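Colleague: Structure supplied as work.cif; contents: mmCIF, C-alpha atoms.
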data_query
loop_
_atom_site.label_atom_id
_atom_site.label_comp_id
_atom_site.auth_asym_id
_atom_site.auth_seq_id
_atom_site.Cartn_x
_atom_site.Cartn_y
_atom_site.Cartn_z
CA MET A 1 -16.05 -19.80 22.73
CA ARG A 2 -17.38 -18.82 19.32
CA GLY A 3 -15.79 -19.46 15.96
CA TYR A 4 -15.91 -17.01 13.05
CA GLN A 5 -14.82 -17.86 9.53
CA ARG A 6 -12.70 -15.12 7.96
CA ARG A 7 -14.05 -13.99 4.59
CA SER A 8 -11.60 -13.62 1.73
CA ALA A 9 -12.17 -9.85 1.48
CA GLU A 10 -11.35 -9.29 5.16
CA THR A 11 -7.91 -8.61 6.55
CA PRO A 12 -7.16 -10.57 9.74
CA ALA A 13 -7.63 -7.39 11.82
CA GLU A 14 -11.01 -6.72 10.19
CA ALA A 15 -12.04 -10.32 10.80
CA ALA A 16 -11.00 -9.95 14.46
CA TYR A 17 -13.15 -6.89 15.19
CA ASN A 18 -16.04 -8.21 13.10
CA ALA A 19 -15.92 -11.47 15.08
CA VAL A 20 -15.86 -9.59 18.41
CA SER A 21 -18.68 -7.40 17.12
CA GLU A 22 -20.82 -10.49 16.44
CA VAL A 23 -20.09 -12.05 19.80
CA THR A 24 -20.55 -8.93 21.94
CA GLY A 25 -23.30 -7.23 19.93
CA CYS A 26 -21.29 -3.97 19.82
CA GLY A 27 -21.03 -2.27 16.40
CA PRO A 28 -17.55 -1.96 14.87
CA LEU A 29 -17.47 1.75 15.75
CA GLU A 30 -18.53 1.10 19.37
CA LEU A 31 -15.60 -1.27 19.91
CA PRO A 32 -12.27 0.32 20.82
CA PRO A 33 -9.80 0.77 17.92
CA ILE A 34 -8.16 -2.60 17.36
CA ALA A 35 -4.84 -0.97 16.49
CA ASN A 36 -4.63 0.09 20.15
CA ALA A 37 -4.93 -3.56 21.27
CA ILE A 38 -2.38 -5.15 18.90
CA ASN A 39 -0.08 -4.00 16.11
CA SER A 40 -2.68 -4.92 13.52
CA GLU A 41 -0.51 -4.17 10.49
CA ALA A 42 2.23 -6.45 11.76
CA MET A 43 -0.40 -9.09 12.49
CA ASP A 44 -1.91 -8.77 9.00
CA ALA A 45 1.54 -9.03 7.41
CA PHE A 46 2.43 -12.05 9.54
CA VAL A 47 -0.78 -13.91 8.64
CA ASP A 48 -0.31 -12.99 4.97
CA GLU A 49 3.19 -14.41 4.89
CA SER A 50 2.46 -17.46 7.02
CA ARG A 51 0.16 -19.38 4.68
CA THR A 52 2.84 -22.00 4.16
CA LEU A 53 3.30 -22.59 7.90
CA ARG A 54 1.58 -25.72 9.05
CA GLU A 55 0.09 -24.40 12.19
CA TYR A 56 0.10 -21.17 14.16
CA SER A 57 -2.26 -19.01 16.15
CA ILE A 58 -2.12 -15.53 17.63
CA THR A 59 -4.06 -14.78 20.81
CA PHE A 60 -4.61 -11.31 22.19
CA GLU A 61 -7.00 -9.58 24.56
CA TYR A 62 -9.39 -7.12 22.96
CA ALA A 63 -12.61 -5.51 24.15
CA GLY A 64 -13.04 -7.91 27.08
CA CYS A 65 -12.44 -11.01 24.95
CA ASP A 66 -9.62 -13.41 24.22
CA VAL A 67 -9.29 -13.35 20.44
CA THR A 68 -7.42 -16.20 18.76
CA LEU A 69 -6.58 -15.86 15.12
CA SER A 70 -5.33 -18.63 12.86
CA ASP A 71 -5.15 -18.85 9.08
CA ASP A 72 -8.83 -18.34 8.27
CA GLU A 73 -10.61 -18.63 11.59
CA VAL A 74 -11.15 -16.34 14.56
CA LEU A 75 -12.11 -17.74 17.96
CA VAL A 76 -13.64 -15.34 20.46
CA GLU A 77 -13.96 -16.11 24.15
CA ARG A 78 -15.61 -13.55 26.38
CA LEU A 79 -13.56 -13.01 29.51
CA ASP A 80 -16.75 -12.42 31.55
CA GLY A 81 -17.85 -15.95 30.59
CA ALA A 82 -21.09 -14.74 29.02
CA ASN A 83 -20.98 -16.96 25.92
CA MET B 84 -14.33 26.75 3.95
CA ALA B 85 -12.10 25.07 1.44
CA SER B 86 -12.26 26.45 -2.08
CA SER B 87 -12.32 24.03 -4.97
CA ASP B 88 -8.66 24.90 -5.64
CA THR B 89 -7.73 23.84 -2.14
CA GLN B 90 -9.70 20.67 -2.67
CA GLN B 91 -7.65 20.00 -5.82
CA ASP B 92 -4.38 20.65 -3.99
CA THR B 93 -5.47 18.33 -1.25
CA ILE B 94 -6.06 15.50 -3.64
CA ARG B 95 -2.77 16.03 -5.45
CA TRP B 96 -0.92 16.11 -2.18
CA ALA B 97 -2.39 12.82 -1.14
CA THR B 98 -1.94 10.89 -4.35
CA GLU B 99 0.99 12.19 -6.37
CA VAL B 100 3.74 11.57 -3.88
CA THR B 101 5.62 8.35 -4.24
CA GLY B 102 5.56 6.06 -1.25
CA ASP B 103 9.17 5.22 -2.15
CA ALA B 104 10.35 8.78 -1.55
CA LEU B 105 8.60 8.94 1.81
CA SER B 106 9.81 5.56 3.02
CA ALA B 107 13.32 6.55 1.93
CA LEU B 108 13.04 9.58 4.21
CA ALA B 109 12.05 7.40 7.17
CA ASN B 110 15.67 6.94 8.16
CA GLU B 111 17.87 9.47 9.92
CA ARG B 112 21.07 8.55 8.07
CA ARG B 113 19.36 8.98 4.71
CA ARG B 114 17.98 12.35 5.79
CA THR B 115 21.51 13.33 6.77
CA VAL B 116 22.76 12.27 3.32
CA LEU B 117 20.16 14.51 1.65
CA GLU B 118 20.91 17.38 3.98
CA THR B 119 24.63 17.02 3.23
CA LEU B 120 24.00 16.98 -0.53
CA GLU B 121 21.81 20.03 -0.26
CA ARG B 122 24.79 22.03 0.98
CA ARG B 123 27.17 20.67 -1.70
CA SER B 124 26.29 20.15 -5.35
CA SER B 125 27.87 16.70 -5.47
CA ALA B 126 30.04 14.38 -3.43
CA THR B 127 31.83 11.06 -3.72
CA PRO B 128 30.48 8.26 -1.51
CA ALA B 129 33.70 8.49 0.56
CA GLU B 130 33.23 12.26 1.14
CA LEU B 131 29.58 11.70 1.96
CA ALA B 132 30.50 9.01 4.47
CA THR B 133 32.95 11.34 6.23
CA ARG B 134 30.43 14.18 6.36
CA VAL B 135 27.57 11.95 7.50
CA ALA B 136 29.74 10.42 10.22
CA ALA B 137 30.84 13.89 11.35
CA THR B 138 27.22 15.06 11.53
CA GLU B 139 26.12 11.94 13.39
CA HIS B 140 28.92 12.21 15.94
CA ASP B 141 28.72 16.00 16.05
CA THR B 142 32.42 16.31 15.38
CA SER B 143 34.79 17.84 12.80
CA LEU B 144 35.60 16.08 9.53
CA ALA B 145 39.21 15.55 10.61
CA ALA B 146 38.11 13.90 13.85
CA VAL B 147 36.14 11.11 12.18
CA PRO B 148 38.04 7.84 12.81
CA ALA B 149 38.90 5.89 9.66
CA ASP B 150 37.04 2.75 10.79
CA THR B 151 33.87 4.77 11.53
CA ARG B 152 34.04 6.29 8.07
CA ARG B 153 34.46 2.83 6.52
CA VAL B 154 31.42 1.44 8.37
CA VAL B 155 29.29 4.41 7.26
CA GLU B 156 30.57 4.19 3.69
CA ARG B 157 29.64 0.49 3.51
CA SER B 158 26.13 1.24 4.76
CA LEU B 159 25.80 4.02 2.16
CA HIS B 160 27.02 1.74 -0.62
CA HIS B 161 24.96 -1.31 0.21
CA ARG B 162 21.83 0.19 1.66
CA HIS B 163 21.22 3.91 1.75
CA LEU B 164 22.38 5.12 -1.68
CA PRO B 165 20.50 2.33 -3.53
CA THR B 166 17.36 3.19 -1.52
CA LEU B 167 17.68 6.92 -2.26
CA GLU B 168 18.39 6.17 -5.90
CA ASP B 169 15.36 3.85 -6.23
CA ALA B 170 13.23 6.62 -4.72
CA ARG B 171 14.70 8.99 -7.32
CA LEU B 172 15.92 11.36 -4.64
CA VAL B 173 19.59 11.12 -5.67
CA ASN B 174 21.57 10.25 -8.78
CA TRP B 175 24.51 7.94 -8.20
CA THR B 176 26.82 7.35 -11.13
CA GLY B 177 30.23 5.85 -10.60
CA ASP B 178 31.90 7.93 -7.95
CA THR B 179 29.50 10.87 -7.91
CA VAL B 180 26.32 11.40 -5.93
CA THR B 181 24.04 14.36 -6.63
CA LEU B 182 20.57 15.45 -5.55
CA ALA B 183 18.03 14.33 -8.14
CA ARG B 184 15.61 17.15 -7.43
CA ARG B 185 16.13 20.60 -6.05
CA ALA B 186 12.79 20.17 -4.35
CA THR B 187 14.56 18.22 -1.68
CA VAL B 188 15.92 21.53 -0.39
CA GLU B 189 12.42 22.48 0.68
CA VAL B 190 12.19 19.30 2.66
CA TRP B 191 15.21 20.41 4.61
CA GLU B 192 13.96 23.92 5.20
CA HIS B 193 10.74 22.54 6.63
CA LEU B 194 12.43 19.76 8.54
CA GLN B 195 14.96 22.07 10.13
CA ALA B 196 12.17 24.36 11.22
CA LEU B 197 10.40 21.45 12.85
CA GLU B 198 13.10 19.00 13.89
CA THR B 199 13.44 20.56 17.30
CA ASP B 200 10.01 19.52 18.46
CA ALA B 201 8.77 16.17 19.60
CA LEU B 202 7.79 14.66 16.26
CA ASP B 203 9.35 11.28 15.53
CA TRP B 204 10.37 11.70 11.90
CA ASN B 205 11.14 8.05 11.19
CA GLU B 206 7.67 7.16 12.41
CA LEU B 207 6.11 10.08 10.55
CA PHE B 208 7.61 9.26 7.17
CA SER B 209 6.86 5.56 7.47
CA ILE B 210 3.25 6.44 8.24
CA LEU B 211 3.07 8.92 5.35
CA GLU B 212 4.09 6.09 3.05
CA SER B 213 0.47 4.94 3.30
CA GLU B 214 -1.67 6.75 0.74
CA ARG B 215 -4.75 6.33 2.96
CA CYS B 216 -2.95 8.08 5.82
CA ARG B 217 -1.88 10.91 3.50
CA ALA B 218 -5.50 11.27 2.40
CA VAL B 219 -6.59 11.63 6.03
CA LEU B 220 -3.85 14.13 6.88
CA SER B 221 -4.60 16.24 3.82
CA THR B 222 -8.25 16.30 4.85
CA LEU B 223 -7.25 17.49 8.31
CA ALA B 224 -4.79 20.10 6.96
CA ILE B 225 -7.65 22.27 5.78
CA GLY B 226 -7.73 24.15 9.03
CA ALA B 227 -10.20 23.16 11.74
CA ASP B 228 -8.66 22.04 15.02
CA ARG B 229 -11.41 19.51 15.67
CA VAL B 230 -13.14 17.35 13.06
CA GLU B 231 -15.79 14.68 13.34
CA ARG B 232 -14.71 11.21 12.27
CA ARG B 233 -17.75 10.97 10.00
CA ALA B 234 -16.75 14.16 8.16
CA VAL B 235 -13.21 12.86 7.64
CA ALA B 236 -14.65 9.58 6.30
CA THR B 237 -16.90 11.45 3.86
CA THR B 238 -14.03 13.53 2.45
CA VAL B 239 -11.57 10.63 2.25
CA ALA B 240 -14.11 8.33 0.58
CA SER B 241 -15.09 10.96 -1.99
CA ALA B 242 -11.44 11.88 -2.75
CA ASP B 243 -10.66 8.28 -3.68
CA ALA B 244 -11.00 8.19 -7.47
CA PHE B 245 -11.46 4.44 -7.44
CA GLU B 246 -14.22 4.56 -4.82
CA THR B 247 -12.79 1.47 -3.22
CA ALA B 248 -14.62 1.98 0.07
CA SER B 249 -17.96 3.43 1.09
CA VAL B 250 -18.22 6.20 3.70
CA ASP B 251 -19.29 3.60 6.30
CA GLU B 252 -16.36 1.32 5.48
CA THR B 253 -13.97 4.26 5.50
CA GLU B 254 -15.25 5.36 8.91
CA ILE B 255 -14.58 1.88 10.32
CA GLU B 256 -11.11 1.86 8.77
CA LEU B 257 -10.44 5.29 10.31
CA HIS B 258 -11.56 4.09 13.74
CA HIS B 259 -9.65 0.81 13.84
CA ALA B 260 -6.56 1.49 11.75
CA LEU B 261 -5.84 4.93 10.32
CA LEU B 262 -6.53 7.24 13.27
CA PRO B 263 -4.71 5.09 15.88
CA LYS B 264 -1.77 4.98 13.46
CA LEU B 265 -1.76 8.74 12.85
CA GLU B 266 -2.05 9.32 16.60
CA ARG B 267 1.45 7.85 16.98
CA THR B 268 2.87 10.89 15.13
CA ASP B 269 1.56 13.35 17.74
CA LEU B 270 -0.03 15.30 14.88
CA VAL B 271 -3.52 14.29 15.95
CA THR B 272 -5.35 12.99 18.97
CA TYR B 273 -8.23 10.62 18.40
CA ASP B 274 -11.14 10.58 20.85
CA ALA B 275 -12.51 7.15 19.96
CA ASN B 276 -15.55 7.44 22.24
CA ALA B 277 -16.72 10.79 20.88
CA GLY B 278 -15.64 10.02 17.30
CA LEU B 279 -13.64 13.26 17.18
CA VAL B 280 -10.21 13.97 15.73
CA HIS B 281 -8.21 16.78 17.36
CA VAL B 282 -5.45 18.37 15.32
CA ASP B 283 -2.43 19.06 17.56
CA GLY B 284 0.61 19.27 15.31
CA PRO B 285 1.87 21.31 12.35
CA ILE B 286 -0.01 19.37 9.67
CA GLU B 287 0.40 22.19 7.15
CA SER B 288 4.18 21.98 7.44
CA VAL B 289 4.04 18.22 7.02
CA GLU B 290 1.87 18.81 3.97
CA ARG B 291 4.56 21.06 2.45
CA ILE B 292 7.24 18.45 3.16
CA VAL B 293 5.23 15.76 1.44
CA ALA B 294 4.38 18.04 -1.49
CA SER B 295 8.07 18.78 -1.98
CA VAL B 296 8.92 15.13 -2.63
CA ALA B 297 6.03 14.82 -5.09
CA HIS B 298 6.89 14.34 -8.72
#
Turn the structure described in the file into structure tokens.
Modeller:
Amino acid sequence: MRGYQRRSAETPAEAAYNAVSEVTGCGPLELPPIANAINSEAMDAFVDESRTLREYSITFEYAGCDVTLSDDEVLVERLDGAN
Amino acid sequence: MASSDTQQDTIRWATEVTGDALSALANERRRTVLETLERRSSATPAELATRVAATEHDTSLAAVPADTRRVVERSLHHRHLPTLEDARLVNWTGDTVTLARRATVEVWEHLQALETDALDWNELFSILESERCRAVLSTLAIGADRVERRAVATTVASADAFETASVDETEIELHHALLPKLERTDLVTYDANAGLVHVDGPIESVERIVASVAH
């Protein structure tokens, strides 16, 4: 499991594929389009509007990883157990 | 090759359309309202409701049940007419509704020519609401049936007057967000592995529809 801090300029979807890119060593263009793994616009809108919620997380499978997104952090767990 | 005039048209097409007008069109009942108004110069909300209900149920005006008409009229009053008015597609004063722009007629000519095929118009208009997506489509409307992702990124990045994103950033945005989104319209197919965009649908017709709701 690896943690990635979301930068303020990144949308949640961008943070998710950048985090997976760091963990797997695949460039952002070598990873499959994230919009095919999750409705990334809905996710971005949800995270945007959920700042006042105390606690939440969204977990989805993407590029052979479990990706868990909370307010400003992305956790990436490789499903092949490599990390 | 695109002439500089075409290049200019492309940029206008992508930027001068209001997102409001396109999102207003992303609803079948509102498209029916506009289509109804195109055939009549003006109508009261009650007349519109009867005609819209008749179109939706594919029946005669006389056969529209009173309670159906009331339900449609309420939805026009509370939701659809305010939305169309905000988008400056209709004028609504007191008891009279008129088309705000004759240009809307063109929308209907193009839509009727295309409505038979498999395009999902609600999806299409809600996607066209995004200026970035319009920029991509206008780039693809130039004619080739297969374009490299990198070439699309270069054109889209250079057409953005504010230069908000580099070519590299635009290419990543295309790959993860814009092309998967546009693929849902059946206008394009995106080969993510090869980095190629295939043009499948009538993008030029869509371009004319969008241009016709431009100010």
Colleague: Show me, as a ChimeraX atom specification, the residues of chain A whose atoms get within 10 Å of chain B, using only C-alpha atoms for the distance check.
Modeller: /A:13-14,17,27-37,39-41
Colleague: Give me the residues within 8 Å of segment 157-169 of chain B as an MDAnalysis selection string, counting all atoms listed in the file and dropping any in the same chain fewer than 4 places off.
Modeller: chainID B and resid 103:104 107 112:113 128 132 153 173:175
Colleague: Of the candidates B:Glu252, B:Glu118, B:Val230, B:Thr237, which shows the shortest atom-to-atom distance to Leu279 of chain B, using all atoms listed in the file?
Modeller: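 Once distances to Leu279 of chain B are computed over all atoms listed in the file, the minimum belongs to B:Val230.
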Colleague: Once the PyMOL selection byres ((chain A and resi 20-22) around 8) is applied to the coordinates I shared, what remains selected? I want it as a list in words.
Modeller: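 Listing what the PyMOL selection byres ((chain A and resi 20-22) around 8) selects in the shown file: Ala16, Tyr17, Asn18, Ala19, Val23, Thr24, Gly25, Cys26, Gly27, Pro28, Leu31, Ala63, Cys65, Val67 and Val76 of chain A.
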Colleague: What does the distance from atom CA of Arg51 of chain A to atom CA of Ser209 of chain B come to in Å, to one decimal?
Modeller: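 Separating atom CA of Arg51 of chain A from atom CA of Ser209 of chain B is a distance of 26.0 Å.
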Colleague: How many Å lie between atom CA of Arg134 of chain B and atom CA of Val293 of chain B, rounded to one decimal?
Modeller: 25.7 Å
Colleague: So for segment 74-82 of chain A, what box centre and size do we get, axis-aligned, 8 Å extra on each of the six sides, every listed atom, Å to one decimal, as lines of an AutoDock Vina configuration file?
Modeller:
center_x = -16.1
center_y = -15.1
center_z = 23.1
size_x = 25.9
size_y = 21.3
size_z = 33.0
Colleague: For the structure provided, state which residues fall under the PyMOL selection byres ((chain B and resi 106) around 9), and present them as a list in words.
Modeller: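 When the PyMOL selection byres ((chain B and resi 106) around 9) is applied to the shown file, the picked residues are Thr101, Gly102, Asp103, Ala104, Leu105, Ala107, Leu108, Ala109, Asn110, Ala170, Asn205, Phe208, Ser209, Ile210, Leu211 and Glu212 of chain B.
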Colleague: So the first atom is atom CA of Leu265 of chain B and the second is atom CA of Cys216 of chain B; what is the distance between them in Å, to one decimal place?
Modeller: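 Between atom CA of Leu265 of chain B and atom CA of Cys216 of chain B the gap is 7.2 Å.
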Colleague: For Thr59 of chain A, find every residue with an atom within 8 Å (counting only C-alpha atoms), except residues of its own chain fewer than 5 positions away, and show them as a list in words.
Modeller: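 The residues that qualify are Asp66, Val67, Thr68 and Leu69 of chain A.
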Colleague: Show me as a list of chain:residue names the residues that reach within 6 Å of (-14.9, -18.9, 15.5), counting all atoms listed in the file and using the file's own coordinates.
Modeller: A:Arg2, A:Gly3, A:Tyr4, A:Glu73, A:Val74, A:Leu75
Colleague: To test your reading of the syntax: which residues would the PyMOL selection byres ((chain A and resi 46) around 12) return for the file shown? Reply as a VMD selection string.
Modeller: chain A and resid 11 to 13 39 to 45 47 to 53 56 to 58 69 to 71
Colleague: Which polymer residues, protein or nucleic acid, are no farther than 10 Å from (-12.9, -16.2, 30.7), counting only C-alpha atoms, as a PDB file with C-alpha atoms, in the frame of the given file?
Modeller:
ATOM      1  CA  MET A   1     -16.050 -19.800  22.730  1.00  0.00           C
ATOM      2  CA  GLY A  64     -13.040  -7.910  27.080  1.00  0.00           C
ATOM      3  CA  CYS A  65     -12.440 -11.010  24.950  1.00  0.00           C
ATOM      4  CA  ASP A  66      -9.620 -13.410  24.220  1.00  0.00           C
ATOM      5  CA  GLU A  77     -13.960 -16.110  24.150  1.00  0.00           C
ATOM      6  CA  ARG A  78     -15.610 -13.550  26.380  1.00  0.00           C
ATOM      7  CA  LEU A  79     -13.560 -13.010  29.510  1.00  0.00           C
ATOM      8  CA  ASP A  80     -16.750 -12.420  31.550  1.00  0.00           C
ATOM      9  CA  GLY A  81     -17.850 -15.950  30.590  1.00  0.00           C
ATOM     10  CA  ALA A  82     -21.090 -14.740  29.020  1.00  0.00           C
ATOM     11  CA  ASN A  83     -20.980 -16.960  25.920  1.00  0.00           C
TER      12      ASN A  83
END
